[in-house]
$ cat protein_39.cif   # mmCIF, C-alpha atoms and all ligand atoms
data_model
#
loop_
_atom_site.label_atom_id
_atom_site.label_comp_id
_atom_site.auth_asym_id
_atom_site.auth_seq_id
_atom_site.Cartn_x
_atom_site.Cartn_y
_atom_site.Cartn_z
CA MET X 1 -28.40 -127.79 -68.36
CA LYS X 2 -30.79 -130.52 -67.14
CA THR X 3 -32.59 -129.96 -63.87
CA ILE X 4 -34.85 -131.79 -61.41
CA LEU X 5 -37.86 -129.92 -60.05
CA VAL X 6 -39.05 -130.93 -56.57
CA VAL X 7 -42.61 -130.00 -55.65
CA ASN X 8 -44.13 -130.17 -52.17
CA ALA X 9 -47.82 -129.31 -52.31
CA GLY X 10 -49.23 -128.86 -48.79
CA SER X 11 -52.51 -127.73 -47.29
CA SER X 12 -51.94 -124.01 -47.83
CA SER X 13 -48.62 -123.80 -49.62
CA VAL X 14 -46.74 -125.13 -52.61
CA LYS X 15 -42.96 -125.24 -52.21
CA PHE X 16 -40.63 -125.91 -55.11
CA THR X 17 -36.89 -126.33 -55.58
CA LEU X 18 -35.10 -126.66 -58.89
CA PHE X 19 -31.84 -128.63 -58.71
CA PHE X 20 -29.18 -128.97 -61.39
CA ALA X 21 -29.32 -132.69 -62.16
CA ALA X 22 -25.56 -133.12 -62.48
CA ASP X 23 -24.49 -131.95 -59.01
CA LEU X 24 -27.80 -131.29 -57.23
CA HIS X 25 -26.92 -127.67 -56.59
CA VAL X 26 -29.98 -125.45 -56.17
CA ALA X 27 -30.78 -123.36 -59.27
CA ALA X 28 -33.84 -121.69 -57.74
CA SER X 29 -36.46 -122.28 -55.08
CA GLY X 30 -39.63 -120.73 -53.86
CA LEU X 31 -43.07 -121.09 -52.44
CA VAL X 32 -46.60 -119.88 -52.79
CA GLU X 33 -48.03 -119.57 -49.30
CA ARG X 34 -51.44 -118.80 -47.81
CA ILE X 35 -53.16 -120.31 -50.85
CA GLY X 36 -56.88 -119.62 -50.72
CA LEU X 37 -56.43 -117.12 -47.86
CA GLU X 38 -55.96 -113.34 -47.66
CA GLY X 39 -52.44 -112.24 -48.54
CA THR X 40 -51.33 -115.13 -50.75
CA ARG X 41 -47.64 -114.59 -51.38
CA LEU X 42 -45.12 -115.82 -53.90
CA VAL X 43 -41.50 -116.00 -52.77
CA TYR X 44 -38.78 -116.83 -55.31
CA ARG X 45 -35.08 -117.25 -54.53
CA ARG X 46 -31.96 -117.78 -56.62
CA PRO X 47 -28.54 -118.29 -55.01
CA GLY X 48 -26.67 -115.00 -54.74
CA GLN X 49 -29.59 -112.95 -56.04
CA GLU X 50 -32.19 -110.83 -54.39
CA THR X 51 -35.35 -112.66 -53.26
CA ILE X 52 -38.43 -111.80 -55.27
CA GLN X 53 -41.71 -111.53 -53.33
CA ARG X 54 -45.12 -110.51 -54.51
CA LEU X 55 -48.73 -110.81 -53.52
CA VAL X 56 -50.73 -112.99 -55.86
CA SER X 57 -54.35 -113.95 -56.19
CA ILE X 58 -54.32 -117.75 -56.13
CA PRO X 59 -57.39 -119.77 -55.16
CA ASP X 60 -55.90 -123.28 -55.33
CA ILE X 61 -52.85 -125.51 -55.68
CA GLY X 62 -53.33 -125.88 -59.45
CA ASN X 63 -53.05 -122.13 -59.96
CA ALA X 64 -49.97 -122.02 -57.73
CA VAL X 65 -48.26 -124.68 -59.87
CA GLU X 66 -49.09 -122.64 -62.98
CA LEU X 67 -46.96 -119.79 -61.58
CA ILE X 68 -43.79 -121.88 -61.33
CA LEU X 69 -42.87 -122.48 -64.97
CA PRO X 70 -43.19 -118.88 -66.18
CA LEU X 71 -40.92 -117.84 -63.30
CA LEU X 72 -38.27 -120.47 -63.96
CA THR X 73 -38.16 -119.62 -67.67
CA ASP X 74 -38.63 -115.84 -67.33
CA SER X 75 -36.15 -113.84 -69.43
CA GLN X 76 -35.13 -111.77 -66.37
CA ALA X 77 -35.69 -113.91 -63.30
CA GLY X 78 -35.55 -117.34 -64.94
CA VAL X 79 -32.82 -119.96 -64.56
CA ILE X 80 -33.69 -122.33 -67.43
CA GLY X 81 -34.48 -121.76 -71.11
CA SER X 82 -37.62 -123.86 -71.38
CA LYS X 83 -39.47 -126.70 -69.70
CA GLU X 84 -37.44 -129.15 -71.80
CA ASP X 85 -34.58 -128.36 -69.40
CA ILE X 86 -36.49 -130.12 -66.64
CA ARG X 87 -35.49 -133.82 -66.68
CA ALA X 88 -38.09 -134.91 -64.12
CA ILE X 89 -40.38 -133.67 -61.37
CA GLY X 90 -40.19 -135.27 -57.92
CA HIS X 91 -43.26 -134.92 -55.70
CA ARG X 92 -43.33 -135.31 -51.96
CA VAL X 93 -46.22 -137.59 -51.00
CA VAL X 94 -46.85 -138.19 -47.31
CA HIS X 95 -48.63 -141.54 -47.22
CA GLY X 96 -48.07 -144.52 -49.50
CA GLY X 97 -49.75 -147.15 -47.35
CA GLU X 98 -48.52 -150.72 -47.17
CA TYR X 99 -47.38 -151.32 -50.69
CA ILE X 100 -44.90 -148.53 -51.31
CA SER X 101 -41.28 -149.07 -50.39
CA GLN X 102 -39.60 -147.14 -53.20
CA PRO X 103 -39.99 -143.91 -55.14
CA ALA X 104 -42.34 -144.57 -58.06
CA MET X 105 -42.96 -143.23 -61.54
CA ILE X 106 -46.44 -141.74 -61.34
CA ASP X 107 -49.11 -143.60 -63.29
CA ASP X 108 -52.76 -144.45 -62.68
CA ARG X 109 -51.86 -147.16 -60.16
CA ILE X 110 -49.73 -144.79 -58.07
CA LYS X 111 -52.40 -142.10 -58.18
CA GLN X 112 -54.93 -144.66 -56.95
CA ILE X 113 -52.61 -145.65 -54.08
CA ILE X 114 -52.31 -141.97 -53.10
CA ARG X 115 -56.13 -141.71 -53.19
CA ASP X 116 -56.53 -144.90 -51.16
CA CYS X 117 -54.48 -143.25 -48.40
CA PHE X 118 -56.56 -140.04 -48.27
CA ASP X 119 -58.29 -141.12 -45.08
CA MET X 120 -54.99 -141.88 -43.36
CA ALA X 121 -53.41 -138.53 -44.31
CA PRO X 122 -56.36 -136.21 -44.88
CA LEU X 123 -54.29 -133.04 -44.50
CA HIS X 124 -51.57 -134.09 -46.93
CA ASN X 125 -52.37 -136.74 -49.55
CA PRO X 126 -55.24 -134.86 -51.29
CA GLN X 127 -53.02 -131.79 -51.67
CA ASN X 128 -50.05 -133.89 -52.79
CA LEU X 129 -52.24 -135.43 -55.51
CA GLU X 130 -53.57 -132.02 -56.54
CA GLY X 131 -49.97 -130.87 -57.05
CA ILE X 132 -49.24 -133.96 -59.16
CA LEU X 133 -52.32 -133.47 -61.34
CA ALA X 134 -51.46 -129.80 -61.88
CA CYS X 135 -47.91 -130.70 -62.89
CA GLU X 136 -49.17 -133.38 -65.27
CA THR X 137 -51.25 -130.70 -66.97
CA GLY X 138 -48.54 -128.04 -66.98
CA PHE X 139 -45.61 -130.35 -67.79
CA PRO X 140 -47.23 -133.16 -69.81
CA ASP X 141 -44.07 -134.70 -71.30
CA ILE X 142 -41.90 -134.62 -68.20
CA PRO X 143 -41.57 -137.77 -66.04
CA GLN X 144 -43.26 -137.35 -62.66
CA VAL X 145 -42.00 -139.27 -59.66
CA ALA X 146 -43.64 -139.73 -56.26
CA VAL X 147 -41.34 -139.95 -53.24
CA PHE X 148 -43.28 -141.17 -50.21
CA ASP X 149 -42.61 -140.19 -46.58
CA THR X 150 -43.61 -143.67 -45.50
CA ALA X 151 -41.38 -145.56 -47.98
CA PHE X 152 -38.15 -145.54 -45.96
CA HIS X 153 -40.00 -147.29 -43.13
CA ALA X 154 -41.28 -150.14 -45.30
CA THR X 155 -38.44 -152.28 -43.91
CA ILE X 156 -39.82 -152.16 -40.34
CA PRO X 157 -40.57 -155.76 -39.30
CA SER X 158 -44.05 -156.89 -38.21
CA LYS X 159 -42.98 -157.21 -34.54
CA ALA X 160 -42.45 -153.43 -34.62
CA TYR X 161 -45.24 -152.29 -36.93
CA LEU X 162 -48.11 -154.35 -35.47
CA TYR X 163 -50.26 -152.85 -32.74
CA ALA X 164 -51.50 -155.40 -30.22
CA LEU X 165 -55.08 -155.15 -31.51
CA PRO X 166 -56.93 -158.12 -33.00
CA LEU X 167 -54.97 -158.94 -36.14
CA ARG X 168 -57.97 -158.42 -38.39
CA PHE X 169 -57.72 -154.65 -37.82
CA CYS X 170 -54.35 -154.69 -39.53
CA GLU X 171 -55.45 -157.14 -42.21
CA GLU X 172 -58.77 -155.52 -43.04
CA MET X 173 -58.25 -151.86 -42.18
CA LYS X 174 -54.48 -151.62 -42.55
CA ILE X 175 -54.15 -150.23 -39.01
CA ARG X 176 -50.43 -150.56 -38.30
CA LYS X 177 -47.34 -148.39 -37.85
CA TYR X 178 -46.20 -146.69 -41.06
CA GLY X 179 -43.80 -143.97 -39.89
CA PHE X 180 -43.13 -140.59 -41.48
CA HIS X 181 -40.32 -138.08 -42.21
CA GLY X 182 -38.81 -140.87 -44.36
CA ALA X 183 -36.97 -138.54 -46.74
CA SER X 184 -35.33 -136.76 -43.80
CA HIS X 185 -34.30 -139.92 -41.92
CA ARG X 186 -33.00 -141.36 -45.20
CA TYR X 187 -31.04 -138.20 -46.03
CA VAL X 188 -29.38 -137.76 -42.63
CA SER X 189 -28.51 -141.47 -42.38
CA ARG X 190 -26.68 -141.26 -45.69
CA LYS X 191 -24.93 -138.01 -44.69
CA ALA X 192 -23.97 -139.42 -41.29
CA ALA X 193 -22.38 -142.46 -42.95
CA GLU X 194 -20.46 -140.18 -45.32
CA TRP X 195 -19.24 -138.11 -42.38
CA ILE X 196 -18.21 -141.18 -40.37
CA GLY X 197 -16.52 -142.60 -43.47
CA LYS X 198 -18.13 -146.05 -43.30
CA PRO X 199 -20.72 -147.72 -45.53
CA GLU X 200 -24.27 -147.41 -44.20
CA THR X 201 -24.38 -151.21 -44.09
CA ASP X 202 -21.80 -151.15 -41.27
CA LEU X 203 -23.68 -148.71 -39.06
CA ARG X 204 -26.43 -148.61 -36.45
CA LEU X 205 -27.88 -145.11 -36.15
CA ILE X 206 -30.59 -143.41 -34.10
CA THR X 207 -31.84 -140.42 -36.11
CA CYS X 208 -33.78 -137.73 -34.23
CA HIS X 209 -35.82 -135.46 -36.52
CA LEU X 210 -36.91 -132.69 -34.15
CA GLY X 211 -38.87 -129.97 -35.96
CA ASN X 212 -42.49 -128.91 -35.71
CA GLY X 213 -43.17 -132.60 -36.08
CA CYS X 214 -40.73 -134.91 -34.31
CA SER X 215 -39.80 -138.52 -34.95
CA ILE X 216 -37.00 -140.82 -33.88
CA THR X 217 -35.88 -143.73 -36.07
CA ALA X 218 -33.71 -146.78 -35.45
CA VAL X 219 -31.66 -147.32 -38.62
CA SER X 220 -29.84 -150.64 -38.86
CA ARG X 221 -27.41 -151.07 -41.76
CA GLY X 222 -29.14 -148.38 -43.83
CA GLN X 223 -32.67 -149.63 -43.16
CA SER X 224 -35.36 -148.28 -40.87
CA VAL X 225 -36.22 -151.00 -38.31
CA ASP X 226 -38.45 -148.94 -36.01
CA THR X 227 -39.71 -145.38 -35.78
CA SER X 228 -41.64 -143.38 -33.23
CA MET X 229 -44.48 -142.10 -35.45
CA GLY X 230 -47.13 -144.67 -36.20
CA PHE X 231 -50.36 -145.12 -38.10
CA THR X 232 -50.43 -141.32 -38.22
CA PRO X 233 -47.84 -138.64 -37.37
CA LEU X 234 -49.44 -138.24 -33.92
CA GLU X 235 -47.67 -141.15 -32.20
CA GLY X 236 -44.26 -140.95 -30.58
CA VAL X 237 -42.54 -138.10 -28.77
CA PRO X 238 -44.43 -134.90 -27.90
CA MET X 239 -44.19 -132.23 -30.62
CA GLY X 240 -44.97 -128.54 -31.08
CA THR X 241 -48.73 -129.03 -30.82
CA ARG X 242 -49.13 -132.84 -30.90
CA CYS X 243 -49.26 -134.96 -27.76
CA GLY X 244 -47.32 -138.00 -29.00
CA ASP X 245 -47.85 -141.23 -27.00
CA ILE X 246 -50.61 -141.14 -24.42
CA ASP X 247 -52.66 -143.81 -22.70
CA PRO X 248 -55.44 -144.47 -25.26
CA ALA X 249 -57.92 -144.85 -22.39
CA ILE X 250 -57.66 -141.06 -21.91
CA LEU X 251 -59.74 -140.74 -25.07
CA PHE X 252 -62.74 -142.69 -23.82
CA TYR X 253 -62.40 -141.04 -20.41
CA LEU X 254 -62.70 -137.62 -22.09
CA MET X 255 -65.58 -138.87 -24.24
CA ARG X 256 -67.47 -140.05 -21.15
CA GLN X 257 -66.54 -137.25 -18.75
CA ARG X 258 -66.62 -134.29 -21.13
CA GLY X 259 -68.79 -135.61 -23.94
CA MET X 260 -66.03 -134.91 -26.43
CA ASN X 261 -66.45 -136.25 -29.95
CA ALA X 262 -63.88 -137.45 -32.50
CA GLU X 263 -63.48 -134.01 -34.07
CA GLN X 264 -62.82 -132.33 -30.72
CA LEU X 265 -60.37 -135.02 -29.64
CA ASP X 266 -58.55 -134.72 -32.95
CA ILE X 267 -58.11 -130.97 -32.43
CA LEU X 268 -57.08 -131.42 -28.78
CA LEU X 269 -54.42 -134.04 -29.51
CA ASN X 270 -53.08 -132.66 -32.80
CA ARG X 271 -53.28 -128.90 -32.34
CA GLU X 272 -53.60 -127.97 -28.68
CA SER X 273 -51.22 -130.37 -26.97
CA GLY X 274 -47.46 -130.99 -27.04
CA LEU X 275 -45.18 -128.10 -26.07
CA LEU X 276 -47.98 -125.59 -26.72
CA GLY X 277 -50.40 -127.27 -24.36
CA LEU X 278 -47.91 -128.11 -21.64
CA ALA X 279 -46.16 -124.73 -21.48
CA GLY X 280 -49.28 -122.59 -21.66
CA THR X 281 -47.35 -119.58 -22.97
CA GLY X 282 -49.24 -119.47 -26.26
CA SER X 283 -46.19 -120.63 -28.23
CA SER X 284 -45.04 -124.03 -29.46
CA ASP X 285 -41.69 -122.69 -30.65
CA VAL X 286 -38.72 -123.97 -28.67
CA ARG X 287 -36.94 -120.61 -29.05
CA ASP X 288 -39.84 -118.86 -27.31
CA LEU X 289 -40.07 -121.52 -24.62
CA VAL X 290 -36.36 -121.30 -23.80
CA GLN X 291 -36.77 -117.53 -23.56
CA SER X 292 -39.80 -117.91 -21.28
CA MET X 293 -37.91 -120.38 -19.10
CA LEU X 294 -34.98 -117.97 -18.77
CA THR X 295 -37.37 -115.30 -17.52
CA GLY X 296 -38.67 -117.64 -14.82
CA HIS X 297 -41.66 -119.30 -16.50
CA HIS X 298 -41.68 -122.69 -14.73
CA GLN X 299 -44.28 -124.32 -16.95
CA ALA X 300 -42.14 -123.61 -20.02
CA GLU X 301 -39.26 -125.41 -18.33
CA THR X 302 -41.52 -128.32 -17.41
CA ALA X 303 -42.70 -128.60 -21.03
CA LEU X 304 -39.11 -128.73 -22.28
CA ARG X 305 -38.25 -131.30 -19.60
CA VAL X 306 -41.16 -133.53 -20.67
CA PHE X 307 -40.09 -133.15 -24.31
CA THR X 308 -36.43 -134.06 -23.75
CA TYR X 309 -37.22 -136.86 -21.27
CA ARG X 310 -39.52 -138.55 -23.76
CA ILE X 311 -36.93 -138.28 -26.55
CA LYS X 312 -34.36 -139.81 -24.19
CA LYS X 313 -36.72 -142.73 -23.54
CA TYR X 314 -37.04 -143.43 -27.27
CA ILE X 315 -33.26 -143.31 -27.62
CA GLY X 316 -33.03 -145.87 -24.80
CA ALA X 317 -35.61 -148.05 -26.52
CA TYR X 318 -33.79 -147.90 -29.85
CA LEU X 319 -30.43 -148.67 -28.24
CA ALA X 320 -32.13 -151.89 -27.18
CA THR X 321 -33.71 -152.40 -30.62
CA LEU X 322 -30.36 -152.00 -32.36
CA GLY X 323 -28.24 -153.69 -29.67
CA GLY X 324 -26.24 -150.45 -29.32
CA ALA X 325 -25.60 -147.56 -31.69
CA ASP X 326 -22.62 -146.12 -33.53
CA ALA X 327 -24.13 -142.63 -33.68
CA ILE X 328 -27.09 -140.55 -32.61
CA VAL X 329 -28.03 -137.93 -35.21
CA PHE X 330 -29.83 -134.66 -34.42
CA THR X 331 -31.65 -132.91 -37.24
CA ALA X 332 -34.45 -130.45 -38.23
CA GLY X 333 -35.23 -127.05 -36.69
CA ILE X 334 -34.80 -128.02 -33.04
CA GLY X 335 -32.32 -130.88 -33.49
CA GLU X 336 -29.96 -128.72 -35.54
CA ASN X 337 -30.31 -125.45 -33.65
CA SER X 338 -30.95 -126.01 -29.97
CA PRO X 339 -27.90 -126.78 -27.80
CA LEU X 340 -30.07 -126.85 -24.69
CA ILE X 341 -32.42 -129.54 -26.05
CA ARG X 342 -29.50 -131.72 -27.20
CA GLU X 343 -27.80 -131.28 -23.82
CA TRP X 344 -30.89 -132.28 -21.87
CA ILE X 345 -31.56 -135.29 -24.11
CA CYS X 346 -28.03 -136.60 -23.53
CA GLU X 347 -27.93 -135.81 -19.81
CA GLY X 348 -27.20 -138.78 -17.55
CA LEU X 349 -26.40 -141.25 -20.34
CA THR X 350 -22.64 -141.54 -19.70
CA GLU X 351 -23.04 -145.12 -18.46
CA LEU X 352 -24.55 -145.97 -21.85
CA GLY X 353 -21.50 -144.51 -23.61
CA ILE X 354 -23.28 -141.28 -24.56
CA SER X 355 -21.65 -138.05 -23.47
CA ILE X 356 -21.97 -134.62 -25.07
CA ASP X 357 -19.18 -132.02 -25.18
CA PRO X 358 -20.64 -128.68 -24.00
CA GLN X 359 -18.27 -126.56 -26.10
CA LEU X 360 -18.74 -128.53 -29.32
CA ASN X 361 -22.48 -128.59 -28.69
CA GLN X 362 -22.38 -124.77 -28.85
CA SER X 363 -19.78 -124.26 -31.56
CA VAL X 364 -21.04 -126.85 -34.08
CA ASN X 365 -24.66 -125.74 -33.55
CA GLY X 366 -26.53 -125.44 -36.87
CA ASN X 367 -23.83 -127.19 -38.88
CA LEU X 368 -22.74 -130.69 -39.83
CA GLY X 369 -20.36 -132.05 -37.21
CA GLU X 370 -19.63 -134.12 -34.10
CA ILE X 371 -20.52 -132.92 -30.62
CA GLN X 372 -19.61 -135.88 -28.38
CA SER X 373 -16.94 -135.67 -25.71
CA ALA X 374 -13.69 -137.66 -25.90
CA GLU X 375 -14.99 -140.46 -23.61
CA SER X 376 -18.27 -140.98 -25.53
CA ARG X 377 -18.44 -144.39 -27.23
CA VAL X 378 -21.40 -143.28 -29.33
CA LEU X 379 -20.84 -140.48 -31.85
CA LEU X 380 -23.24 -137.55 -31.49
CA LEU X 381 -23.79 -135.78 -34.80
CA ILE X 382 -25.65 -132.71 -35.97
CA VAL X 383 -26.70 -133.29 -39.58
CA PRO X 384 -28.76 -130.53 -41.25
CA THR X 385 -31.58 -132.24 -43.11
CA ASN X 386 -32.63 -131.54 -46.68
CA GLU X 387 -35.81 -133.34 -47.65
CA GLU X 388 -35.97 -131.62 -51.04
CA ALA X 389 -32.44 -132.78 -51.92
CA GLU X 390 -33.36 -136.33 -50.89
CA ILE X 391 -36.42 -136.22 -53.16
CA ALA X 392 -34.20 -134.92 -55.98
CA ILE X 393 -31.66 -137.71 -55.37
CA GLN X 394 -34.35 -140.40 -55.46
CA THR X 395 -36.06 -138.85 -58.50
CA ARG X 396 -32.79 -138.64 -60.42
CA GLU X 397 -31.96 -142.25 -59.51
CA LEU X 398 -35.29 -143.46 -60.85
CA VAL X 399 -35.26 -141.55 -64.14
CA THR X 400 -31.64 -142.32 -64.98
CA ASN X 401 -31.88 -146.06 -64.30
P1 LIG X 501 -40.97 -128.25 -39.99
O1 LIG X 501 -41.28 -129.54 -39.30
O2 LIG X 501 -42.12 -127.33 -40.13
O3 LIG X 501 -40.11 -128.40 -41.23
P2 LIG X 501 -38.56 -127.20 -38.79
O4 LIG X 501 -37.70 -128.39 -38.97
O5 LIG X 501 -38.22 -125.98 -39.56
O6 LIG X 501 -40.08 -127.52 -38.92
O7 LIG X 501 -38.52 -126.85 -37.23
C1 LIG X 501 -39.27 -125.78 -36.74
C2 LIG X 501 -39.04 -125.66 -35.26
O8 LIG X 501 -37.64 -125.60 -35.01
C3 LIG X 501 -39.60 -124.39 -34.66
O9 LIG X 501 -40.90 -124.56 -34.23
C4 LIG X 501 -38.69 -124.14 -33.49
O10 LIG X 501 -39.24 -124.74 -32.34
C5 LIG X 501 -37.43 -124.88 -33.80
N1 LIG X 501 -36.26 -124.00 -33.97
C6 LIG X 501 -35.84 -123.36 -35.06
N2 LIG X 501 -34.73 -122.65 -34.81
C7 LIG X 501 -34.44 -122.85 -33.51
C8 LIG X 501 -33.42 -122.39 -32.61
N3 LIG X 501 -32.46 -121.57 -33.02
N4 LIG X 501 -33.45 -122.83 -31.34
C9 LIG X 501 -34.43 -123.66 -30.92
N5 LIG X 501 -35.40 -124.13 -31.71
C10 LIG X 501 -35.42 -123.73 -32.97
#
$ encode --input "protein_39.cif" --output "structure tokens"
Amino acid sequence: MKTILVVNAGSSSVKFTLFFAADLHVAASGLVERIGLEGTRLVYRRPGQETIQRLVSIPDIGNAVELILPLLTDSQAGVIGSKEDIRAIGHRVVHGGEYISQPAMIDDRIKQIIRDCFDMAPLHNPQNLEGILACETGFPDIPQVAVFDTAFHATIPSKAYLYALPLRFCEEMKIRKYGFHGASHRYVSRKAAEWIGKPETDLRLITCHLGNGCSITAVSRGQSVDTSMGFTPLEGVPMGTRCGDIDPAILFYLMRQRGMNAEQLDILLNRESGLLGLAGTGSSDVRDLVQSMLTGHHQAETALRVFTYRIKKYIGAYLATLGGADAIVFTAGIGENSPLIREWICEGLTELGISIDPQLNQSVNGNLGEIQSAESRVLLLIVPTNEEAEIAIQTRELVTN
């Protein structure tokens, strides 16, 4: 049976999912985590079977990729006969720069584009390329496809992607909005349209991907027309540890007042801010913050209030961008699983035709379904995301066309 292998090579982990090509059911999945650190671990799952876990000694991404094929074809634990059963490999690549609007068969040009974007995604693109190179070595005759996080946002018009800097900074240095989480926004838009029972081309959606990273996208007739993340995944709503939008003058104020340099500011804004920085409880996890709030920790409540208020503001902005919306979609760890966050985001929006049903908000939690009240003009949907499945869909489309 032909399969599609999806590989997501990150800074310290390689995740993989093998899908049956015919119906995109998962045959097996797994990850190698803590690569290059103490306690590197391989986790391997097959539906309905016991999870296999073992400690491995793996110094880099290439070695992690080498573990995958023997597992998938193992006489005991394997799910395919040989590597010939893999029709194609789809790779998640975070940044494709200006020129990528579609998934692409990997060749020298695509590899160069991934390299050209190293500086814009230093924590992702080098690792993504390492995963690709390792797969080319291990699976030399199998088509390799790159699916870019930025590609879905290639339809954003210049009025939305340009920053109001001198134009030459965009022309010469490519400083502009790119947007991220493309596979997720693409996947949940498609699923939402299926659920609503209308073609995507008839719908205006606001998709809220709220996980460790958070981004909101305005999707008009199946195309991204604006998104909250920007040149990097730091812009937009506050996140677990990232600050999201701030007044850029804060940076030179901190440089002058505290003598902070670029490296220190990078760490402050990307790793010490957001929910973690605001709440001051030592956790960026919404579950922990809700718990802290319930035990009287006021700062945790304030952090969650800032978070939900800022998401609400983006929803308001995108209602204006789209001229109204048919549905607002909640997805990813927080969006799918936190009734409180969804409730606070939707609070006070009845006049805009947005009203959540408290019971449905609880009972549908974690699953695909509608959570708006009877009087809501805008549908409110929870749609569990599946970035790997989206990469498999796009990979299959490319290799079968
Ligand atoms: P990633 O961006 O790493 O893929 P996820 O989409 O898995 O992240 O989201 C992770 C976040 O989801 C966690 O940090 C946590 O805040 C949040 N989360 C997960 N489950 C719940 C839950 N039941 N209630 C509230 N938040 C949750």
$ closest_residue --input "protein_39.cif" --among "X:Asn365, X:Thr51, X:Thr201, X:Ser57" --to "ligand LIG 501 (chain X)" --atoms "only C-alpha atoms and all ligand atoms"
X:Asn365
$ residues_around --input "protein_39.cif" --residues "range 375-383 of chain X" --least-positions-apart "5" --cutoff "10 Å" --atoms "all atoms listed in the file" --output "count of residues only"
43
$ atom_distance --input "protein_39.cif" --atom1 "CA of Ala300 in chain X" --atom2 "CA of Asp285 in chain X"
10.7 Å
$ closest_residue --input "protein_39.cif" --among "X:Phe152, X:Phe252, X:Tyr314, X:Trp344" --to "Arg186 in chain X" --atoms "only C-alpha atoms"
X:Phe152
$ closest_residue --input "protein_39.cif" --among "X:Ala27, X:Ala262, X:Leu123, X:Ile68" --to "Gly138 in chain X" --atoms "all atoms listed in the file"
X:Ile68
$ build_atoms --input "protein_39.cif" --residues "range 304-308 of chain X" --atoms "all heavy atoms" --output "compact mmCIF listing (two decimals), in the frame of the given file"
# COMPACT_ATOMS: atom_id res chain seq x y z
N LEU X 304 -40.36 -128.33 -21.62
CA LEU X 304 -39.11 -128.73 -22.28
C LEU X 304 -38.51 -129.97 -21.62
O LEU X 304 -37.90 -130.81 -22.28
CB LEU X 304 -38.11 -127.57 -22.26
CG LEU X 304 -38.53 -126.34 -23.10
CD1 LEU X 304 -37.60 -125.17 -22.86
CD2 LEU X 304 -38.58 -126.69 -24.59
N ARG X 305 -38.73 -130.10 -20.32
CA ARG X 305 -38.25 -131.30 -19.60
C ARG X 305 -39.03 -132.55 -20.05
O ARG X 305 -38.45 -133.61 -20.24
CB ARG X 305 -38.39 -131.11 -18.08
CG ARG X 305 -37.36 -130.17 -17.48
CD ARG X 305 -36.00 -130.85 -17.41
NE ARG X 305 -34.98 -129.95 -16.91
CZ ARG X 305 -33.67 -130.18 -17.01
NH1 ARG X 305 -33.21 -131.28 -17.57
NH2 ARG X 305 -32.80 -129.33 -16.55
N VAL X 306 -40.34 -132.39 -20.20
CA VAL X 306 -41.16 -133.53 -20.67
C VAL X 306 -40.67 -133.93 -22.07
O VAL X 306 -40.44 -135.10 -22.37
CB VAL X 306 -42.66 -133.15 -20.72
CG1 VAL X 306 -43.48 -134.24 -21.41
CG2 VAL X 306 -43.20 -132.90 -19.32
N PHE X 307 -40.51 -132.93 -22.92
CA PHE X 307 -40.09 -133.15 -24.31
C PHE X 307 -38.77 -133.93 -24.37
O PHE X 307 -38.66 -134.97 -25.03
CB PHE X 307 -39.95 -131.77 -24.96
CG PHE X 307 -39.52 -131.76 -26.40
CD1 PHE X 307 -40.31 -132.35 -27.39
CD2 PHE X 307 -38.35 -131.13 -26.79
CE1 PHE X 307 -39.93 -132.32 -28.73
CE2 PHE X 307 -37.95 -131.10 -28.12
CZ PHE X 307 -38.75 -131.68 -29.10
N THR X 308 -37.77 -133.44 -23.66
CA THR X 308 -36.43 -134.06 -23.75
C THR X 308 -36.40 -135.43 -23.06
O THR X 308 -35.74 -136.35 -23.52
CB THR X 308 -35.34 -133.14 -23.17
OG1 THR X 308 -35.77 -132.67 -21.89
CG2 THR X 308 -35.10 -131.95 -24.08
